[in-house]
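> Structure provided below as structure tokens; questions to follow.
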Amino acid sequence: MKNIMVSGCGGKMGRTLSNYICSLAYYKLVAGVDPKLAGHSIKEIAATADDFKISGSVKEGLNSTKVDIVIDFTAPSVVVGNAVECLNSKTNILIGTTGISYEDQNMLDELAKKNNTSIMIVPNFAIGAILMMNFAKIAAKFMKSAEIIELHHDTKVDKPSGTAIKTRKAMLEATGRTSEEKNSDVIPIHSVRLPGLVAHQEVIFGDLGQTLTIRHDTCNRDSFMPGIAMALKQMGTFTGLRVGLDIDSNH
Ligand SMILES: NC(=O)c1ccc[n+]([C@@H]2O[C@H](COP(=O)([O-])OP(=O)(O)OC[C@H]3O[C@@H](n4cnc5c(N)ncnc54)[C@H](O)[C@@H]3O)[C@@H](O)[C@H]2O)c1
């Protein structure tokens with residue numbers, strides 16, 4: 001049995017996730033962090049959890065009980081500080097929060113290695129979105145040009161989305177064009193933010209007399225949960241940073 005702490009437990013993802021963790025056999029929700037709900041009972045969020053008070057910071061949460069893995073769904077402005085706190089206390093951290101820079105990723109990789117811990121950053125836990133990225137990588141080798149359109153709800157903080165950035169990077173690497181990574185004219189990303197949307201992405205390829213469109217739609221936040229369960233199984237099996245979910249290793 002592994003003890004889980006959800007960082008950002010009062011947010012849209014944190015609430016769905018806290019309930020989901022309570023439904024899993026091998027994992028127990030033992031702590032939750034959210035400054036806006038500090039001191040409240042976890043039962044306000046996850047009815048099935050054993051009762052505990054929500055902590056106001058990751059440090060406080062880690063000190064409150066024994067935690068094996070932290071899962072973070074917070075905001076780009078706080079996630080790196082949360083991760084540093086976890087790694088310094090030798091706790092594995094799985095991050096769904098998007099918008100972490102490459103510089104911070106490198107810093108976190110080094111810190112995790114120094115503390116012999118695992119950190120995984122997964123910009124999109126939806127299995128269909130991961131397949132979309134894999135298919136886009138294959139298509140990029142055969143089609144001349146491509147553009148990415150990512151569409152999200154209007155409260156999403158970061159732009160472009162982590163999924164779009166990761167898709168573009170994978171397509172560039174698949175075609176040996178890593179040097180063009182920062183040139184936004186190569187595989188441009190278009191961002192749409194509108195109420196009513198959840199998380200959607202299209203990769204449109206164009207070539208002589210034809211186009212190919214690969215599209216993924218997230219209809220609700222439950223879509224992310226199976227991917228999180230898959231990632232949890234991999235936590236602690238490696239040292240340092242992994243970016244993206246390896247869906248092949250579970251099959
Ligand atoms: N990887 C994925 O598959 C995936 C899926 C959906 C959303 N996301 C990302 O997850 C993040 C959260 O999304 P959301 O829609 O739940 O946002 P949200 O704004 O609804 O929730 C974020 C929560 O974090 C809390 N918070 C703020 N500072 C904190 C701190 N220092 N420590 C702990 N908690 C803190 C806030 O009070 C809030 O309740 C975003 O970056 C979003 O892009 C990723």
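Following the order of the structure tokens, first chain is A, next is B, and so on, with residues numbered from 1 inside each chain and ligands from 1 in the order they appear.
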Given only C-alpha atoms and all ligand atoms, how would the per-residue table for chain A near ligand 1 read, listing every residue at most 7 Å away with its closest atom pair and distance in Å to one decimal, sorted by chain and number, as JSON lines?

{"residue": "A:Ser7", "atom": "CA", "partner": "ligand 1", "partner_atom_place_in_ligand_line": "33 (C)", "distance": 4.6}
{"residue": "A:Gly8", "atom": "CA", "partner": "ligand 1", "partner_atom_place_in_ligand_line": "34 (N)", "distance": 3.5}
{"residue": "A:Cys9", "atom": "CA", "partner": "ligand 1", "partner_atom_place_in_ligand_line": "39 (O)", "distance": 6.3}
{"residue": "A:Gly10", "atom": "CA", "partner": "ligand 1", "partner_atom_place_in_ligand_line": "39 (O)", "distance": 4.2}
{"residue": "A:Gly11", "atom": "CA", "partner": "ligand 1", "partner_atom_place_in_ligand_line": "21 (O)", "distance": 3.2}
{"residue": "A:Lys12", "atom": "CA", "partner": "ligand 1", "partner_atom_place_in_ligand_line": "16 (O)", "distance": 3.8}
{"residue": "A:Met13", "atom": "CA", "partner": "ligand 1", "partner_atom_place_in_ligand_line": "16 (O)", "distance": 3.7}
{"residue": "A:Gly14", "atom": "CA", "partner": "ligand 1", "partner_atom_place_in_ligand_line": "16 (O)", "distance": 5.6}
{"residue": "A:Val33", "atom": "CA", "partner": "ligand 1", "partner_atom_place_in_ligand_line": "33 (C)", "distance": 5.0}
{"residue": "A:Asp34", "atom": "CA", "partner": "ligand 1", "partner_atom_place_in_ligand_line": "34 (N)", "distance": 4.0}
{"residue": "A:Pro35", "atom": "CA", "partner": "ligand 1", "partner_atom_place_in_ligand_line": "37 (O)", "distance": 5.6}
{"residue": "A:Lys36", "atom": "CA", "partner": "ligand 1", "partner_atom_place_in_ligand_line": "37 (O)", "distance": 4.9}
{"residue": "A:Ser57", "atom": "CA", "partner": "ligand 1", "partner_atom_place_in_ligand_line": "32 (N)", "distance": 5.4}
{"residue": "A:Val58", "atom": "CA", "partner": "ligand 1", "partner_atom_place_in_ligand_line": "32 (N)", "distance": 6.0}
{"residue": "A:Phe73", "atom": "CA", "partner": "ligand 1", "partner_atom_place_in_ligand_line": "12 (C)", "distance": 4.3}
{"residue": "A:Thr74", "atom": "CA", "partner": "ligand 1", "partner_atom_place_in_ligand_line": "24 (O)", "distance": 3.6}
{"residue": "A:Ala75", "atom": "CA", "partner": "ligand 1", "partner_atom_place_in_ligand_line": "41 (O)", "distance": 4.7}
{"residue": "A:Pro76", "atom": "CA", "partner": "ligand 1", "partner_atom_place_in_ligand_line": "41 (O)", "distance": 5.9}
{"residue": "A:Val78", "atom": "CA", "partner": "ligand 1", "partner_atom_place_in_ligand_line": "31 (N)", "distance": 5.0}
{"residue": "A:Val79", "atom": "CA", "partner": "ligand 1", "partner_atom_place_in_ligand_line": "31 (N)", "distance": 7.0}
{"residue": "A:Asn82", "atom": "CA", "partner": "ligand 1", "partner_atom_place_in_ligand_line": "31 (N)", "distance": 6.6}
{"residue": "A:Gly96", "atom": "CA", "partner": "ligand 1", "partner_atom_place_in_ligand_line": "1 (N)", "distance": 3.6}
{"residue": "A:Thr97", "atom": "CA", "partner": "ligand 1", "partner_atom_place_in_ligand_line": "41 (O)", "distance": 3.7}
{"residue": "A:Thr98", "atom": "CA", "partner": "ligand 1", "partner_atom_place_in_ligand_line": "41 (O)", "distance": 4.2}
{"residue": "A:Gly99", "atom": "CA", "partner": "ligand 1", "partner_atom_place_in_ligand_line": "41 (O)", "distance": 6.6}
{"residue": "A:Val122", "atom": "CA", "partner": "ligand 1", "partner_atom_place_in_ligand_line": "1 (N)", "distance": 5.1}
{"residue": "A:Pro123", "atom": "CA", "partner": "ligand 1", "partner_atom_place_in_ligand_line": "1 (N)", "distance": 4.0}
{"residue": "A:Asn124", "atom": "CA", "partner": "ligand 1", "partner_atom_place_in_ligand_line": "3 (O)", "distance": 3.3}
{"residue": "A:Phe125", "atom": "CA", "partner": "ligand 1", "partner_atom_place_in_ligand_line": "3 (O)", "distance": 3.9}
{"residue": "A:Ala126", "atom": "CA", "partner": "ligand 1", "partner_atom_place_in_ligand_line": "3 (O)", "distance": 6.0}
{"residue": "A:Lys156", "atom": "CA", "partner": "ligand 1", "partner_atom_place_in_ligand_line": "43 (O)", "distance": 5.9}
{"residue": "A:Val157", "atom": "CA", "partner": "ligand 1", "partner_atom_place_in_ligand_line": "43 (O)", "distance": 6.9}
{"residue": "A:Asp158", "atom": "CA", "partner": "ligand 1", "partner_atom_place_in_ligand_line": "43 (O)", "distance": 6.8}
{"residue": "A:Arg221", "atom": "CA", "partner": "ligand 1", "partner_atom_place_in_ligand_line": "6 (C)", "distance": 6.9}
{"residue": "A:Phe224", "atom": "CA", "partner": "ligand 1", "partner_atom_place_in_ligand_line": "3 (O)", "distance": 5.5}
> If you count only C-alpha atoms, which residues fall within 8 Å of Leu62 in chain A, apart from same-chain ones fewer than 5 positions away, as a PyMOL selection string?
chain A and resi 31+67+86
> Let me see the file: selected residues, N, CA and C atoms, as a PDB file, in the first residue's frame.

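Just written: part00.pdb:
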ATOM      1  N   ALA A  31      -3.025  12.560   2.644  1.00  0.00           N
ATOM      2  CA  ALA A  31      -2.838  13.997   2.859  1.00  0.00           C
ATOM      3  C   ALA A  31      -3.270  14.762   1.607  1.00  0.00           C
ATOM      4  N   VAL A  67       4.287  10.022   3.630  1.00  0.00           N
ATOM      5  CA  VAL A  67       3.809  10.124   2.242  1.00  0.00           C
ATOM      6  C   VAL A  67       4.818   9.418   1.339  1.00  0.00           C
ATOM      7  N   CYS A  86       9.359  18.486  -2.265  1.00  0.00           N
ATOM      8  CA  CYS A  86       9.199  17.012  -2.230  1.00  0.00           C
ATOM      9  C   CYS A  86      10.547  16.323  -2.409  1.00  0.00           C
TER      10      CYS A  86
END
> Considering only C-alpha atoms, tabulate each residue of range 77-176 of chain A that lies at most 6 Å from range 198-216 of chain A along with its nearest interatomic pair and the corresponding distance in Å to one decimal; arrange the rows by chain and ascending residue number and present them as a tab-separated table.

residue	atom	partner	partner_atom	distance
A:Ala129	CA	A:His216	CA	5.9
A:Met143	CA	A:Asp207	CA	5.7
A:Lys144	CA	A:Asp207	CA	5.2
A:Ser145	CA	A:Gly206	CA	5.3
A:Ala146	CA	A:Phe205	CA	4.3
A:Glu147	CA	A:Ile204	CA	5.5
A:Ile148	CA	A:Val203	CA	4.6
A:Ile149	CA	A:Glu202	CA	5.2
A:Glu150	CA	A:Gln201	CA	4.4
A:Leu151	CA	A:His200	CA	5.0
A:His152	CA	A:Ala199	CA	4.6
A:His153	CA	A:Val198	CA	5.1
> Find, counting only C-alpha atoms, the residue in A:Lys2, A:Lys113, A:Arg168, A:Arg242 that gets nearest to Met132 in chain A.
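Among the listed residues, the smallest separation from Met132 in chain A belongs to A:Arg168.
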> Please identify which residues in range 43-217 of chain A DSSP calls strand (DSSP E) from the backbone, and express them as a ChimeraX atom specification.
/A:69-72,92-95,118-121,145-152,189-193,199-207,210-217
> For the selection you just gave me, I'd like the residues written to a file as a tab-separated table (two decimals), in the first residue's frame, keeping N, CA and C atoms.

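For reference, again-v9.tsv as written:
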chain	number	residue	atom	x	y	z
A	69	ILE	N	4.16	9.10	-2.30
A	69	ILE	CA	4.13	9.79	-3.61
A	69	ILE	C	3.22	11.02	-3.50
A	70	VAL	N	3.72	12.15	-4.01
A	70	VAL	CA	2.89	13.37	-4.12
A	70	VAL	C	2.44	13.48	-5.57
A	71	ILE	N	1.17	13.82	-5.77
A	71	ILE	CA	0.68	14.11	-7.13
A	71	ILE	C	0.28	15.58	-7.15
A	72	ASP	N	0.85	16.33	-8.09
A	72	ASP	CA	0.65	17.79	-8.11
A	72	ASP	C	-0.20	18.22	-9.31
A	92	ASN	N	8.88	10.93	-3.83
A	92	ASN	CA	8.63	10.90	-5.28
A	92	ASN	C	7.47	11.82	-5.62
A	93	ILE	N	7.57	12.48	-6.78
A	93	ILE	CA	6.47	13.38	-7.17
A	93	ILE	C	6.06	13.16	-8.62
A	94	LEU	N	4.76	13.03	-8.81
A	94	LEU	CA	4.15	12.89	-10.14
A	94	LEU	C	3.43	14.20	-10.44
A	95	ILE	N	3.80	14.83	-11.55
A	95	ILE	CA	3.28	16.18	-11.83
A	95	ILE	C	2.40	16.19	-13.08
A	118	SER	N	12.22	9.71	-7.75
A	118	SER	CA	11.61	9.78	-9.09
A	118	SER	C	10.76	11.03	-9.19
A	119	ILE	N	10.86	11.70	-10.35
A	119	ILE	CA	9.92	12.78	-10.65
A	119	ILE	C	9.43	12.53	-12.07
A	120	MET	N	8.12	12.57	-12.24
A	120	MET	CA	7.55	12.38	-13.58
A	120	MET	C	6.66	13.57	-13.89
A	121	ILE	N	6.87	14.18	-15.07
A	121	ILE	CA	6.02	15.29	-15.52
A	121	ILE	C	5.23	14.77	-16.72
A	145	SER	N	4.28	19.22	-44.27
A	145	SER	CA	4.10	20.31	-43.29
A	145	SER	C	3.02	19.94	-42.28
A	146	ALA	N	3.09	20.63	-41.14
A	146	ALA	CA	2.06	20.38	-40.12
A	146	ALA	C	1.86	21.61	-39.25
A	147	GLU	N	0.64	21.76	-38.75
A	147	GLU	CA	0.35	22.80	-37.76
A	147	GLU	C	-0.48	22.17	-36.65
A	148	ILE	N	-0.37	22.75	-35.45
A	148	ILE	CA	-1.09	22.19	-34.29
A	148	ILE	C	-2.10	23.24	-33.80
A	149	ILE	N	-3.33	22.80	-33.58
A	149	ILE	CA	-4.33	23.68	-32.95
A	149	ILE	C	-4.71	23.04	-31.62
A	150	GLU	N	-4.46	23.77	-30.52
A	150	GLU	CA	-4.90	23.25	-29.21
A	150	GLU	C	-6.00	24.15	-28.68
A	151	LEU	N	-7.05	23.51	-28.14
A	151	LEU	CA	-8.24	24.25	-27.68
A	151	LEU	C	-8.53	23.85	-26.25
A	152	HIS	N	-8.66	24.84	-25.34
A	152	HIS	CA	-8.89	24.55	-23.92
A	152	HIS	C	-9.91	25.51	-23.33
A	189	ILE	N	2.05	26.49	-33.47
A	189	ILE	CA	0.98	26.07	-32.55
A	189	ILE	C	-0.02	27.22	-32.42
A	190	HIS	N	-1.30	26.94	-32.58
A	190	HIS	CA	-2.36	27.93	-32.41
A	190	HIS	C	-3.15	27.56	-31.16
A	191	SER	N	-3.40	28.55	-30.30
A	191	SER	CA	-4.11	28.29	-29.04
A	191	SER	C	-5.48	28.94	-29.05
A	192	VAL	N	-6.50	28.19	-28.67
A	192	VAL	CA	-7.87	28.71	-28.55
A	192	VAL	C	-8.31	28.53	-27.10
A	193	ARG	N	-8.86	29.59	-26.49
A	193	ARG	CA	-9.37	29.49	-25.10
A	193	ARG	C	-10.82	29.95	-25.11
A	199	ALA	N	-10.41	19.98	-23.07
A	199	ALA	CA	-9.04	19.92	-23.61
A	199	ALA	C	-9.10	19.17	-24.94
A	200	HIS	N	-8.65	19.82	-26.00
A	200	HIS	CA	-8.77	19.25	-27.35
A	200	HIS	C	-7.51	19.62	-28.14
A	201	GLN	N	-7.14	18.76	-29.08
A	201	GLN	CA	-6.00	19.10	-29.94
A	201	GLN	C	-6.14	18.46	-31.31
A	202	GLU	N	-5.79	19.26	-32.33
A	202	GLU	CA	-5.73	18.75	-33.70
A	202	GLU	C	-4.32	18.93	-34.22
A	203	VAL	N	-3.80	17.91	-34.88
A	203	VAL	CA	-2.55	18.06	-35.62
A	203	VAL	C	-2.93	17.88	-37.09
A	204	ILE	N	-2.75	18.94	-37.87
A	204	ILE	CA	-3.15	18.89	-39.28
A	204	ILE	C	-1.90	18.84	-40.15
A	205	PHE	N	-1.82	17.82	-40.98
A	205	PHE	CA	-0.68	17.65	-41.89
A	205	PHE	C	-1.13	18.01	-43.30
A	206	GLY	N	-0.22	18.65	-44.04
A	206	GLY	CA	-0.52	18.98	-45.43
A	206	GLY	C	0.60	18.51	-46.34
A	207	ASP	N	0.22	17.97	-47.50
A	207	ASP	CA	1.22	17.58	-48.50
A	207	ASP	C	0.54	17.71	-49.87
A	210	GLN	N	-3.28	16.72	-50.52
A	210	GLN	CA	-3.95	15.99	-49.43
A	210	GLN	C	-3.65	16.60	-48.06
A	211	THR	N	-4.57	16.37	-47.13
A	211	THR	CA	-4.31	16.71	-45.73
A	211	THR	C	-4.67	15.50	-44.88
A	212	LEU	N	-4.09	15.47	-43.69
A	212	LEU	CA	-4.42	14.43	-42.71
A	212	LEU	C	-4.63	15.13	-41.38
A	213	THR	N	-5.74	14.85	-40.70
A	213	THR	CA	-6.00	15.47	-39.40
A	213	THR	C	-6.07	14.40	-38.32
A	214	ILE	N	-5.28	14.59	-37.26
A	214	ILE	CA	-5.35	13.69	-36.09
A	214	ILE	C	-5.91	14.54	-34.96
A	215	ARG	N	-7.03	14.09	-34.37
A	215	ARG	CA	-7.69	14.91	-33.36
A	215	ARG	C	-8.00	14.10	-32.11
A	216	HIS	N	-7.78	14.72	-30.96
A	216	HIS	CA	-8.16	14.10	-29.70
A	216	HIS	C	-9.04	15.06	-28.91
A	217	ASP	N	-10.11	14.53	-28.29
A	217	ASP	CA	-11.00	15.34	-27.46
A	217	ASP	C	-11.10	14.74	-26.08
> Mind checking which residues fall within 10 Å of range 181-183 of chain A, counting only C-alpha atoms, ignoring those fewer than 4 positions away in the same chain, and posting them as a VMD selection string?
chain A and resid 165 168 to 169 172 to 173 177 187 to 188
> Have a look at A:Met225, A:Cys22, A:Ala170, A:Ile130 and name the one nearest to Ile247 in chain A; count only C-alpha atoms.
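Selected residue with least distance to Ile247 in chain A: A:Ile130.
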> Can you pull out every residue from range 44-192 of chain A that DSSP, working from the backbone, puts in helix (DSSP H, G or I), and format the result as a PyMOL selection string?
chain A and resi 44+58-64+76-88+102-114+127-140+162-174+178-180
> Env of Asp246 in chain A: 10 Å cut, atoms = only C-alpha atoms, seq-sep filter 2 positions within chain, self excluded. Answer as JSON, numbers by chain.
{"A": [122, 130, 227, 230, 231, 234, 242, 243, 244, 248, 249, 250]}
> Report as an mmCIF file with N, CA and C atoms, in the first residue's frame all protein, DNA and RNA residues lying within 12 Å of Tyr26 in chain A, evaluated on only C-alpha atoms, omitting residues in the same chain fewer than 4 positions from it.

data_model
loop_
_atom_site.group_PDB
_atom_site.id
_atom_site.type_symbol
_atom_site.label_atom_id
_atom_site.label_comp_id
_atom_site.auth_asym_id
_atom_site.auth_seq_id
_atom_site.Cartn_x
_atom_site.Cartn_y
_atom_site.Cartn_z
ATOM 1 N N MET A 1 0.851 -1.205 0.000
ATOM 2 C CA MET A 1 0.000 0.000 0.000
ATOM 3 C C MET A 1 0.882 1.249 0.000
ATOM 4 N N LYS A 2 0.631 2.159 -0.946
ATOM 5 C CA LYS A 2 1.413 3.401 -1.026
ATOM 6 C C LYS A 2 0.548 4.573 -0.558
ATOM 7 N N ASN A 3 1.176 5.449 0.218
ATOM 8 C CA ASN A 3 0.468 6.625 0.735
ATOM 9 C C ASN A 3 0.593 7.798 -0.239
ATOM 10 N N ILE A 4 -0.541 8.382 -0.590
ATOM 11 C CA ILE A 4 -0.573 9.452 -1.601
ATOM 12 C C ILE A 4 -0.988 10.780 -0.970
ATOM 13 N N TYR A 20 -10.734 9.601 -6.975
ATOM 14 C CA TYR A 20 -10.246 8.433 -7.733
ATOM 15 C C TYR A 20 -9.243 7.623 -6.904
ATOM 16 N N ILE A 21 -8.328 8.319 -6.219
ATOM 17 C CA ILE A 21 -7.321 7.613 -5.405
ATOM 18 C C ILE A 21 -8.023 6.729 -4.366
ATOM 19 N N CYS A 22 -9.110 7.254 -3.798
ATOM 20 C CA CYS A 22 -9.854 6.477 -2.781
ATOM 21 C C CYS A 22 -10.468 5.209 -3.369
ATOM 22 N N ASP A 68 4.340 8.527 0.455
ATOM 23 C CA ASP A 68 5.241 7.862 -0.506
ATOM 24 C C ASP A 68 5.315 8.623 -1.824
ATOM 25 N N ALA A 229 -3.144 6.308 -12.898
ATOM 26 C CA ALA A 229 -2.910 4.999 -12.255
ATOM 27 C C ALA A 229 -1.709 4.299 -12.891
ATOM 28 N N LEU A 232 1.458 6.011 -11.662
ATOM 29 C CA LEU A 232 1.757 5.700 -10.250
ATOM 30 C C LEU A 232 2.555 4.404 -10.132
ATOM 31 N N LYS A 233 2.214 3.421 -10.993
ATOM 32 C CA LYS A 233 2.925 2.127 -10.952
ATOM 33 C C LYS A 233 4.398 2.303 -11.293
#
> Quick one: everything within 8 Å of range 40-45 of chain A, counting only C-alpha atoms, minus sequence neighbours fewer than 2 positions away in the same chain. Send it as a list in words.
Cys9, Gly10, Arg15, Ser18, Asn19, Gly32, Leu37, Ala38, Ala47, Thr48, Ala49, Asp50, Asp51, Phe52, Lys53 and Ile54 of chain A
> Selected residues, N, CA and C atoms, written as a compact mmCIF listing (two decimals), in the first residue's frame, please.

# COMPACT_ATOMS: atom_id res chain seq x y z
N CYS A 9 -5.46 19.77 -4.08
CA CYS A 9 -6.63 18.87 -3.93
C CYS A 9 -7.97 19.59 -4.05
N GLY A 10 -7.97 20.91 -3.89
CA GLY A 10 -9.24 21.65 -3.97
C GLY A 10 -9.56 22.13 -5.37
N ARG A 15 -9.83 17.55 -7.11
CA ARG A 15 -11.06 16.95 -6.54
C ARG A 15 -11.37 15.61 -7.22
N SER A 18 -8.64 13.12 -6.08
CA SER A 18 -8.73 12.67 -4.68
C SER A 18 -9.77 11.57 -4.54
N ASN A 19 -10.90 11.73 -5.21
CA ASN A 19 -11.93 10.68 -5.18
C ASN A 19 -11.44 9.42 -5.87
N GLY A 32 -3.62 16.01 1.80
CA GLY A 32 -4.01 16.88 0.69
C GLY A 32 -3.54 18.29 1.00
N LEU A 37 -8.08 25.93 0.95
CA LEU A 37 -8.94 25.08 1.79
C LEU A 37 -8.22 24.60 3.05
N ALA A 38 -7.09 25.25 3.39
CA ALA A 38 -6.29 24.81 4.54
C ALA A 38 -7.17 24.74 5.80
N ALA A 47 -15.46 12.07 -0.34
CA ALA A 47 -16.36 11.56 0.69
C ALA A 47 -15.88 10.24 1.28
N THR A 48 -15.14 9.46 0.47
CA THR A 48 -14.77 8.12 0.91
C THR A 48 -13.42 8.08 1.65
N ALA A 49 -12.74 9.21 1.74
CA ALA A 49 -11.40 9.19 2.36
C ALA A 49 -11.49 9.09 3.89
N ASP A 50 -10.44 8.50 4.51
CA ASP A 50 -10.32 8.62 5.96
C ASP A 50 -10.11 10.10 6.25
N ASP A 51 -10.66 10.58 7.36
CA ASP A 51 -10.65 12.03 7.56
C ASP A 51 -9.26 12.56 7.95
N PHE A 52 -8.89 13.69 7.39
CA PHE A 52 -7.72 14.47 7.82
C PHE A 52 -7.94 15.91 7.39
N LYS A 53 -7.15 16.81 8.00
CA LYS A 53 -7.29 18.23 7.65
C LYS A 53 -6.41 18.54 6.43
N ILE A 54 -6.93 19.32 5.50
CA ILE A 54 -6.15 19.74 4.33
C ILE A 54 -5.05 20.70 4.78
